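Okay, data19.pdb is below, PDB, C-alpha atoms and all ligand atoms:
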ATOM      1  CA  MET F   1      -9.570 -15.920   8.250  1.00  0.00           C
ATOM      2  CA  PHE F   2      -8.466 -13.533  10.996  1.00  0.00           C
ATOM      3  CA  PHE F   3      -6.137 -10.600  10.457  1.00  0.00           C
ATOM      4  CA  ILE F   4      -5.177  -8.059  13.107  1.00  0.00           C
ATOM      5  CA  ASP F   5      -5.450  -4.399  12.105  1.00  0.00           C
ATOM      6  CA  THR F   6      -2.528  -2.789  13.905  1.00  0.00           C
ATOM      7  CA  ALA F   7       1.148  -1.894  13.663  1.00  0.00           C
ATOM      8  CA  ASN F   8       1.638  -2.550  17.398  1.00  0.00           C
ATOM      9  CA  LEU F   9       4.078  -5.440  17.792  1.00  0.00           C
ATOM     10  CA  ASP F  10       2.891  -6.441  21.292  1.00  0.00           C
ATOM     11  CA  GLN F  11      -0.702  -6.711  20.082  1.00  0.00           C
ATOM     12  CA  ILE F  12       0.384  -8.696  17.027  1.00  0.00           C
ATOM     13  CA  ARG F  13       2.308 -11.100  19.306  1.00  0.00           C
ATOM     14  CA  GLU F  14      -0.666 -11.393  21.697  1.00  0.00           C
ATOM     15  CA  ALA F  15      -3.044 -12.297  18.851  1.00  0.00           C
ATOM     16  CA  LYS F  16      -0.475 -14.695  17.397  1.00  0.00           C
ATOM     17  CA  ASP F  17      -0.101 -16.431  20.770  1.00  0.00           C
ATOM     18  CA  LEU F  18      -3.820 -17.229  20.696  1.00  0.00           C
ATOM     19  CA  GLY F  19      -3.039 -19.400  17.678  1.00  0.00           C
ATOM     20  CA  ILE F  20      -5.770 -17.811  15.579  1.00  0.00           C
ATOM     21  CA  LEU F  21      -3.887 -15.171  13.609  1.00  0.00           C
ATOM     22  CA  ASP F  22      -3.674 -15.498   9.818  1.00  0.00           C
ATOM     23  CA  GLY F  23      -2.251 -12.098   8.868  1.00  0.00           C
ATOM     24  CA  VAL F  24      -1.835  -8.387   9.574  1.00  0.00           C
ATOM     25  CA  THR F  25      -3.113  -5.176   8.014  1.00  0.00           C
ATOM     26  CA  THR F  26      -1.621  -1.750   8.636  1.00  0.00           C
ATOM     27  CA  ASN F  27      -2.207   1.718   7.271  1.00  0.00           C
ATOM     28  CA  PRO F  28      -0.283   5.012   7.462  1.00  0.00           C
ATOM     29  CA  SER F  29      -2.352   6.178  10.470  1.00  0.00           C
ATOM     30  CA  LEU F  30      -1.623   2.957  12.394  1.00  0.00           C
ATOM     31  CA  MET F  31       2.108   3.227  11.607  1.00  0.00           C
ATOM     32  CA  ALA F  32       2.141   6.879  12.715  1.00  0.00           C
ATOM     33  CA  SER F  33       0.309   6.042  15.944  1.00  0.00           C
ATOM     34  CA  GLU F  34       3.161   3.630  16.814  1.00  0.00           C
ATOM     35  CA  GLY F  35       5.676   6.420  16.156  1.00  0.00           C
ATOM     36  CA  ILE F  36       7.109   4.619  13.114  1.00  0.00           C
ATOM     37  CA  THR F  37       8.389   7.380  10.848  1.00  0.00           C
ATOM     38  CA  GLY F  38      10.948   7.660   8.051  1.00  0.00           C
ATOM     39  CA  LYS F  39      11.243   5.262   5.107  1.00  0.00           C
ATOM     40  CA  ASP F  40      13.921   3.018   6.641  1.00  0.00           C
ATOM     41  CA  ASN F  41      12.093   2.602   9.963  1.00  0.00           C
ATOM     42  CA  VAL F  42       8.838   1.866   8.155  1.00  0.00           C
ATOM     43  CA  MET F  43      10.528  -0.813   6.004  1.00  0.00           C
ATOM     44  CA  ARG F  44      12.224  -2.324   9.079  1.00  0.00           C
ATOM     45  CA  HIS F  45       8.900  -2.395  10.926  1.00  0.00           C
ATOM     46  CA  TYR F  46       7.188  -4.291   8.088  1.00  0.00           C
ATOM     47  CA  LYS F  47      10.097  -6.756   8.081  1.00  0.00           C
ATOM     48  CA  THR F  48       9.693  -7.302  11.837  1.00  0.00           C
ATOM     49  CA  ILE F  49       5.946  -7.897  11.438  1.00  0.00           C
ATOM     50  CA  CYS F  50       6.680 -10.439   8.687  1.00  0.00           C
ATOM     51  CA  GLU F  51       9.127 -12.209  11.029  1.00  0.00           C
ATOM     52  CA  ILE F  52       6.433 -12.490  13.724  1.00  0.00           C
ATOM     53  CA  VAL F  53       3.517 -13.604  11.536  1.00  0.00           C
ATOM     54  CA  ASN F  54       3.679 -16.221   8.831  1.00  0.00           C
ATOM     55  CA  GLY F  55       0.853 -14.857   6.681  1.00  0.00           C
ATOM     56  CA  PRO F  56      -0.175 -11.918   4.508  1.00  0.00           C
ATOM     57  CA  VAL F  57       0.954  -8.489   5.787  1.00  0.00           C
ATOM     58  CA  SER F  58      -0.653  -5.467   4.105  1.00  0.00           C
ATOM     59  CA  ALA F  59       1.699  -2.496   3.640  1.00  0.00           C
ATOM     60  CA  GLU F  60       0.160   0.655   2.208  1.00  0.00           C
ATOM     61  CA  VAL F  61       1.615   2.934  -0.465  1.00  0.00           C
ATOM     62  CA  ILE F  62       1.690   6.674   0.228  1.00  0.00           C
ATOM     63  CA  SER F  63       1.856   7.805  -3.407  1.00  0.00           C
ATOM     64  CA  THR F  64      -1.358   8.689  -5.190  1.00  0.00           C
ATOM     65  CA  ASP F  65      -0.016   8.627  -8.765  1.00  0.00           C
ATOM     66  CA  PHE F  66       0.464   5.485 -10.863  1.00  0.00           C
ATOM     67  CA  LYS F  67       4.251   5.752 -11.237  1.00  0.00           C
ATOM     68  CA  GLY F  68       4.797   6.445  -7.543  1.00  0.00           C
ATOM     69  CA  MET F  69       2.543   3.573  -6.469  1.00  0.00           C
ATOM     70  CA  ILE F  70       4.383   1.114  -8.718  1.00  0.00           C
ATOM     71  CA  GLU F  71       7.807   2.226  -7.454  1.00  0.00           C
ATOM     72  CA  GLU F  72       6.710   2.050  -3.812  1.00  0.00           C
ATOM     73  CA  GLY F  73       4.813  -1.213  -4.277  1.00  0.00           C
ATOM     74  CA  LYS F  74       7.842  -2.941  -5.820  1.00  0.00           C
ATOM     75  CA  ILE F  75      10.024  -1.881  -2.868  1.00  0.00           C
ATOM     76  CA  LEU F  76       7.383  -3.038  -0.370  1.00  0.00           C
ATOM     77  CA  ALA F  77       6.907  -6.375  -2.154  1.00  0.00           C
ATOM     78  CA  ASP F  78      10.674  -6.953  -1.988  1.00  0.00           C
ATOM     79  CA  ILE F  79      10.652  -6.827   1.835  1.00  0.00           C
ATOM     80  CA  ASP F  80       9.081 -10.269   2.181  1.00  0.00           C
ATOM     81  CA  GLU F  81       7.096 -12.733   0.085  1.00  0.00           C
ATOM     82  CA  ASN F  82       4.117 -12.249   2.435  1.00  0.00           C
ATOM     83  CA  ILE F  83       3.811  -8.514   1.795  1.00  0.00           C
ATOM     84  CA  VAL F  84       0.518  -7.468   0.194  1.00  0.00           C
ATOM     85  CA  VAL F  85       0.656  -3.995  -1.378  1.00  0.00           C
ATOM     86  CA  LYS F  86      -2.235  -1.899  -0.097  1.00  0.00           C
ATOM     87  CA  VAL F  87      -3.512   0.562  -2.689  1.00  0.00           C
ATOM     88  CA  PRO F  88      -6.243   3.206  -2.305  1.00  0.00           C
ATOM     89  CA  MET F  89      -9.460   3.059  -4.337  1.00  0.00           C
ATOM     90  CA  ILE F  90      -8.686   5.892  -6.733  1.00  0.00           C
ATOM     91  CA  LYS F  91      -8.278   5.952 -10.532  1.00  0.00           C
ATOM     92  CA  ASP F  92      -4.488   5.548 -10.474  1.00  0.00           C
ATOM     93  CA  GLY F  93      -4.917   2.966  -7.715  1.00  0.00           C
ATOM     94  CA  ILE F  94      -7.029   0.772 -10.003  1.00  0.00           C
ATOM     95  CA  LYS F  95      -4.438   1.196 -12.747  1.00  0.00           C
ATOM     96  CA  ALA F  96      -1.706   0.209 -10.270  1.00  0.00           C
ATOM     97  CA  ILE F  97      -3.672  -2.833  -9.038  1.00  0.00           C
ATOM     98  CA  SER F  98      -4.002  -4.011 -12.672  1.00  0.00           C
ATOM     99  CA  TRP F  99      -0.232  -3.600 -13.089  1.00  0.00           C
ATOM    100  CA  PHE F 100       0.569  -5.426  -9.830  1.00  0.00           C
ATOM    101  CA  THR F 101      -1.825  -8.232 -10.823  1.00  0.00           C
ATOM    102  CA  GLU F 102      -0.104  -8.642 -14.203  1.00  0.00           C
ATOM    103  CA  ASN F 103       3.261  -8.719 -12.431  1.00  0.00           C
ATOM    104  CA  GLY F 104       2.319 -11.272  -9.771  1.00  0.00           C
ATOM    105  CA  ILE F 105       2.252  -8.869  -6.798  1.00  0.00           C
ATOM    106  CA  ALA F 106      -0.587  -9.358  -4.295  1.00  0.00           C
ATOM    107  CA  THR F 107      -2.750  -6.309  -3.552  1.00  0.00           C
ATOM    108  CA  ASN F 108      -5.280  -5.076  -1.039  1.00  0.00           C
ATOM    109  CA  CYS F 109      -7.600  -2.387  -2.388  1.00  0.00           C
ATOM    110  CA  THR F 110      -8.361  -0.081   0.532  1.00  0.00           C
ATOM    111  CA  LEU F 111     -10.818   2.712   1.365  1.00  0.00           C
ATOM    112  CA  VAL F 112     -13.749   0.909  -0.259  1.00  0.00           C
ATOM    113  CA  PHE F 113     -17.222   2.211   0.554  1.00  0.00           C
ATOM    114  CA  SER F 114     -19.478   1.038  -2.292  1.00  0.00           C
ATOM    115  CA  ALA F 115     -20.368  -2.039  -4.342  1.00  0.00           C
ATOM    116  CA  GLY F 116     -19.369  -0.182  -7.521  1.00  0.00           C
ATOM    117  CA  GLN F 117     -15.855   0.335  -6.178  1.00  0.00           C
ATOM    118  CA  ALA F 118     -15.779  -3.367  -5.269  1.00  0.00           C
ATOM    119  CA  ILE F 119     -16.574  -4.335  -8.873  1.00  0.00           C
ATOM    120  CA  LEU F 120     -13.766  -2.149 -10.239  1.00  0.00           C
ATOM    121  CA  ALA F 121     -11.205  -3.580  -7.805  1.00  0.00           C
ATOM    122  CA  ALA F 122     -12.212  -7.157  -8.639  1.00  0.00           C
ATOM    123  CA  LYS F 123     -11.974  -6.447 -12.378  1.00  0.00           C
ATOM    124  CA  ALA F 124      -8.464  -5.079 -11.803  1.00  0.00           C
ATOM    125  CA  GLY F 125      -7.598  -8.361 -10.077  1.00  0.00           C
ATOM    126  CA  ALA F 126      -7.159  -7.188  -6.474  1.00  0.00           C
ATOM    127  CA  THR F 127      -6.231 -10.057  -4.158  1.00  0.00           C
ATOM    128  CA  TYR F 128      -8.152  -8.495  -1.237  1.00  0.00           C
ATOM    129  CA  LEU F 129     -10.848  -5.826  -1.075  1.00  0.00           C
ATOM    130  CA  SER F 130     -11.191  -3.775   2.114  1.00  0.00           C
ATOM    131  CA  PRO F 131     -14.666  -2.328   2.680  1.00  0.00           C
ATOM    132  CA  PHE F 132     -14.503  -0.088   5.789  1.00  0.00           C
ATOM    133  CA  ILE F 133     -17.661  -1.165   7.561  1.00  0.00           C
ATOM    134  CA  GLY F 134     -17.160   0.805  10.791  1.00  0.00           C
ATOM    135  CA  ARG F 135     -16.732   4.063   8.887  1.00  0.00           C
ATOM    136  CA  VAL F 136     -19.879   3.256   6.866  1.00  0.00           C
ATOM    137  CA  ASP F 137     -21.783   2.727  10.128  1.00  0.00           C
ATOM    138  CA  ASP F 138     -20.282   5.972  11.481  1.00  0.00           C
ATOM    139  CA  ILE F 139     -22.257   7.917   8.866  1.00  0.00           C
ATOM    140  CA  SER F 140     -25.412   5.904   9.688  1.00  0.00           C
ATOM    141  CA  TRP F 141     -25.263   3.687   6.599  1.00  0.00           C
ATOM    142  CA  ASP F 142     -25.124  -0.113   6.718  1.00  0.00           C
ATOM    143  CA  GLY F 143     -21.571  -1.486   6.815  1.00  0.00           C
ATOM    144  CA  VAL F 144     -22.543  -5.147   7.100  1.00  0.00           C
ATOM    145  CA  GLY F 145     -25.142  -4.613   4.344  1.00  0.00           C
ATOM    146  CA  LEU F 146     -22.287  -3.452   2.107  1.00  0.00           C
ATOM    147  CA  ILE F 147     -20.395  -6.704   2.765  1.00  0.00           C
ATOM    148  CA  LYS F 148     -23.558  -8.657   1.928  1.00  0.00           C
ATOM    149  CA  ASP F 149     -24.024  -6.790  -1.384  1.00  0.00           C
ATOM    150  CA  ILE F 150     -20.390  -7.277  -2.417  1.00  0.00           C
ATOM    151  CA  ALA F 151     -20.444 -10.971  -1.459  1.00  0.00           C
ATOM    152  CA  GLU F 152     -23.570 -11.485  -3.580  1.00  0.00           C
ATOM    153  CA  ILE F 153     -22.065  -9.684  -6.599  1.00  0.00           C
ATOM    154  CA  TYR F 154     -18.734 -11.530  -6.317  1.00  0.00           C
ATOM    155  CA  SER F 155     -20.527 -14.858  -6.091  1.00  0.00           C
ATOM    156  CA  ILE F 156     -22.798 -14.147  -9.102  1.00  0.00           C
ATOM    157  CA  GLN F 157     -19.899 -12.845 -11.198  1.00  0.00           C
ATOM    158  CA  GLY F 158     -17.369 -15.448 -10.052  1.00  0.00           C
ATOM    159  CA  TYR F 159     -14.752 -12.871  -8.986  1.00  0.00           C
ATOM    160  CA  ASP F 160     -11.750 -14.291  -7.107  1.00  0.00           C
ATOM    161  CA  THR F 161     -11.038 -11.171  -5.005  1.00  0.00           C
ATOM    162  CA  LEU F 162     -11.306 -11.931  -1.288  1.00  0.00           C
ATOM    163  CA  ILE F 163     -13.545  -9.675   0.807  1.00  0.00           C
ATOM    164  CA  LEU F 164     -11.573  -8.389   3.786  1.00  0.00           C
ATOM    165  CA  ALA F 165     -13.990  -6.661   6.172  1.00  0.00           C
ATOM    166  CA  ALA F 166     -12.070  -3.722   7.668  1.00  0.00           C
ATOM    167  CA  SER F 167     -12.704  -0.856  10.074  1.00  0.00           C
ATOM    168  CA  ILE F 168     -14.116  -3.394  12.504  1.00  0.00           C
ATOM    169  CA  ARG F 169     -15.190  -1.808  15.778  1.00  0.00           C
ATOM    170  CA  ASN F 170     -16.414  -4.728  17.908  1.00  0.00           C
ATOM    171  CA  ALA F 171     -17.090  -8.453  18.178  1.00  0.00           C
ATOM    172  CA  LYS F 172     -20.563  -8.104  16.636  1.00  0.00           C
ATOM    173  CA  HIS F 173     -18.998  -6.632  13.487  1.00  0.00           C
ATOM    174  CA  ILE F 174     -16.817  -9.770  13.233  1.00  0.00           C
ATOM    175  CA  VAL F 175     -19.744 -12.173  13.593  1.00  0.00           C
ATOM    176  CA  ASP F 176     -21.997 -10.174  11.251  1.00  0.00           C
ATOM    177  CA  SER F 177     -19.244  -9.845   8.614  1.00  0.00           C
ATOM    178  CA  ALA F 178     -18.570 -13.591   8.716  1.00  0.00           C
ATOM    179  CA  LYS F 179     -22.312 -14.215   8.262  1.00  0.00           C
ATOM    180  CA  ALA F 180     -22.565 -11.663   5.444  1.00  0.00           C
ATOM    181  CA  GLY F 181     -19.894 -13.452   3.390  1.00  0.00           C
ATOM    182  CA  ALA F 182     -16.582 -11.768   4.270  1.00  0.00           C
ATOM    183  CA  ASP F 183     -13.632 -14.096   3.530  1.00  0.00           C
ATOM    184  CA  VAL F 184     -11.404 -12.314   6.039  1.00  0.00           C
ATOM    185  CA  VAL F 185     -11.965  -9.899   8.914  1.00  0.00           C
ATOM    186  CA  THR F 186      -9.221  -7.543  10.040  1.00  0.00           C
ATOM    187  CA  CYS F 187      -9.780  -6.370  13.575  1.00  0.00           C
ATOM    188  CA  PRO F 188      -8.271  -4.474  16.458  1.00  0.00           C
ATOM    189  CA  LEU F 189      -7.157  -6.790  19.285  1.00  0.00           C
ATOM    190  CA  SER F 190     -10.024  -5.488  21.461  1.00  0.00           C
ATOM    191  CA  ALA F 191     -12.619  -6.799  18.979  1.00  0.00           C
ATOM    192  CA  ILE F 192     -10.882 -10.190  18.756  1.00  0.00           C
ATOM    193  CA  LEU F 193     -10.818 -10.483  22.567  1.00  0.00           C
ATOM    194  CA  GLY F 194     -14.435  -9.295  22.642  1.00  0.00           C
ATOM    195  CA  LEU F 195     -15.390 -12.591  20.973  1.00  0.00           C
ATOM    196  CA  LEU F 196     -14.391 -14.386  24.188  1.00  0.00           C
ATOM    197  CA  LYS F 197     -16.879 -12.594  26.354  1.00  0.00           C
ATOM    198  CA  HIS F 198     -20.144 -14.065  27.583  1.00  0.00           C
ATOM    199  CA  PRO F 199     -21.548 -13.603  31.101  1.00  0.00           C
ATOM    200  CA  LEU F 200     -22.847 -17.197  31.179  1.00  0.00           C
ATOM    201  CA  THR F 201     -19.299 -18.456  30.503  1.00  0.00           C
ATOM    202  CA  ASP F 202     -17.980 -16.450  33.469  1.00  0.00           C
ATOM    203  CA  MET F 203     -20.867 -17.519  35.745  1.00  0.00           C
ATOM    204  CA  GLY F 204     -20.607 -21.150  34.652  1.00  0.00           C
ATOM    205  CA  LEU F 205     -16.853 -21.264  35.268  1.00  0.00           C
ATOM    206  CA  ALA F 206     -17.213 -19.652  38.709  1.00  0.00           C
ATOM    207  CA  GLN F 207     -19.845 -22.281  39.592  1.00  0.00           C
ATOM    208  CA  PHE F 208     -17.706 -25.202  38.363  1.00  0.00           C
ATOM    209  CA  LEU F 209     -14.690 -23.993  40.350  1.00  0.00           C
ATOM    210  CA  SER F 210     -16.721 -23.374  43.505  1.00  0.00           C
ATOM    211  CA  ASP F 211     -18.401 -26.821  43.295  1.00  0.00           C
ATOM    212  CA  HIS F 212     -14.988 -28.415  42.783  1.00  0.00           C
ATOM    213  CA  LYS F 213     -13.607 -26.550  45.817  1.00  0.00           C
ATOM    214  CA  LYS F 214     -16.579 -27.579  47.999  1.00  0.00           C
ATOM    215  CA  ALA F 215     -16.181 -31.215  47.020  1.00  0.00           C
ATOM    216  CA  ASN F 216     -12.399 -31.341  47.217  1.00  0.00           C
ATOM    217  CA  GLY F 217     -11.667 -28.862  49.975  1.00  0.00           C
TER     218      GLY F 217
HETATM  219  O1  LIG E 301      -6.851  -0.547   8.170  1.00  0.00           O
HETATM  220  C1  LIG E 301      -7.991   0.007   7.634  1.00  0.00           C
HETATM  221  C2  LIG E 301      -9.189   0.110   8.548  1.00  0.00           C
HETATM  222  O2  LIG E 301      -9.368  -1.080   9.238  1.00  0.00           O
HETATM  223  C3  LIG E 301      -9.244   1.344   9.391  1.00  0.00           C
HETATM  224  O3  LIG E 301     -10.139   1.245  10.468  1.00  0.00           O
HETATM  225  O4  LIG E 301     -10.981   2.032  12.651  1.00  0.00           O
HETATM  226  O5  LIG E 301      -9.579   3.578  11.250  1.00  0.00           O
HETATM  227  O6  LIG E 301     -11.912   3.032  10.576  1.00  0.00           O
HETATM  228  P1  LIG E 301     -10.672   2.538  11.271  1.00  0.00           P
END
Just dump the structure as structure tokens.
Amino acid sequence: MFFIDTANLDQIREAKDLGILDGVTTNPSLMASEGITGKDNVMRHYKTICEIVNGPVSAEVISTDFKGMIEEGKILADIDENIVVKVPMIKDGIKAISWFTENGIATNCTLVFSAGQAILAAKAGATYLSPFIGRVDDISWDGVGLIKDIAEIYSIQGYDTLILAASIRNAKHIVDSAKAGADVVTCPLSAILGLLKHPLTDMGLAQFLSDHKKANG
């Protein structure tokens, strides 16, 4: 499955027009970078995204305490049936994910950097787990290796949580994550478009068109 990791409506539409888009993930930094501020504007923006894409849309809570996360998550979940409440991997976050699971609200456990965190989130019943592979690579660890480890553990233990490879930087991350066992990749538009690129495709197409022109005038 392919999600786009942005709050930019034009980019969401562009990915959707390719016919390959299954969902959207956002985070507070992505919302801020689009200039979406204030509770009402944020809610309206999520609603607009849900109107564009018919699939899961992750909307992140800002609270870091259990009560606050539950209150925020309920409001977010009320925006649209496709909203997935994104919750950080902290102690109260795990508690909140357990509560959302018991109450039928889909969750995405974010800011995951270890297999141990992945086990906790799965036990709490998270719908999606977001290991940040680019940020793992940024500190010279092995982001794709982390996906592989989590996929192995989830398969051995029979956990239902879907692995959503996040913090994708390029097309290679997408291919490697798919190979390592990620169920979903969430990517910037540039990484999705990067999958198109191959010099032999460009050379081959130029040759076909030139041969056609020579033969047909
Ligand atoms: O949405 C979460 C994640 O994908 C963030 O990516 O590029 O800020 O590390 P990045």
Shell of 10 Å around ligand LIG 301 (chain E) (all atoms listed in the file), written as number ranges by chain
F: 4-7, 24-30, 58-60, 86, 110-112, 130-138, 164-169, 185-188
Would you mind telling me which residue in F:Lys16, F:Ala77, F:Asp92, F:Tyr128 lies nearest to Gly104 of chain F when using only C-alpha atoms?
F:Ala77
The PyMOL selection byres (((chain F and resi 35-47) around 8) and not hetatm) applied to the shown file, residues as a ChimeraX atom specification:
/F:31-34,48-51,57,59,76,79-80
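Atom pair atom CA of Ala206 of chain F / atom CA of Gly194 of chain F: separated by 19.3 Å.
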Which residue gives the smallest distance to Ala118 of chain F among F:Ile94, F:Asp65, F:Ile150, F:Gly143, with all atoms listed in the file counted?
F:Ile150
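In this structure, atom CA of Ala96 of chain F sits 8.7 Å away from atom CA of Ala124 of chain F.
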Spell out the residues picked by the PyMOL selection byres (((chain F and resi 56) around 8) and not hetatm) here, as a PDB file with C-alpha atoms, in the coordinates of the input.
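Final output, saved to result.pdb:
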ATOM      1  CA  ASP F  22      -3.674 -15.498   9.818  1.00  0.00           C
ATOM      2  CA  GLY F  23      -2.251 -12.098   8.868  1.00  0.00           C
ATOM      3  CA  VAL F  24      -1.835  -8.387   9.574  1.00  0.00           C
ATOM      4  CA  ASN F  54       3.679 -16.221   8.831  1.00  0.00           C
ATOM      5  CA  GLY F  55       0.853 -14.857   6.681  1.00  0.00           C
ATOM      6  CA  VAL F  57       0.954  -8.489   5.787  1.00  0.00           C
ATOM      7  CA  SER F  58      -0.653  -5.467   4.105  1.00  0.00           C
ATOM      8  CA  ASN F  82       4.117 -12.249   2.435  1.00  0.00           C
ATOM      9  CA  ILE F  83       3.811  -8.514   1.795  1.00  0.00           C
ATOM     10  CA  VAL F  84       0.518  -7.468   0.194  1.00  0.00           C
TER      11      VAL F  84
END
Near-Ala126 of chain F list (8 Å; all atoms listed in the file; drop same-chain fewer than 2 positions) as a count of residues only:
14
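Atom CA of Ile20 of chain F is found 9.7 Å from atom CA of Ile192 of chain F.
Distance annotation: of F:Lys179, F:His212, F:Lys91, F:His173, the residue with the minimal separation from Ala191 of chain F is F:His173; atom set is all atoms listed in the file.
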Nearby residues (only C-alpha atoms) at most 8 Å from segment 72-75 of chain F, same-chain spacing under 6 positions excluded, as a ChimeraX atom specification:
/F:61-63,85
Which residue out of F:Leu195, F:Leu189, F:Leu200, F:Ile163 has the minimum interatomic distance to Ala115 of chain F when only C-alpha atoms are used?
F:Ile163
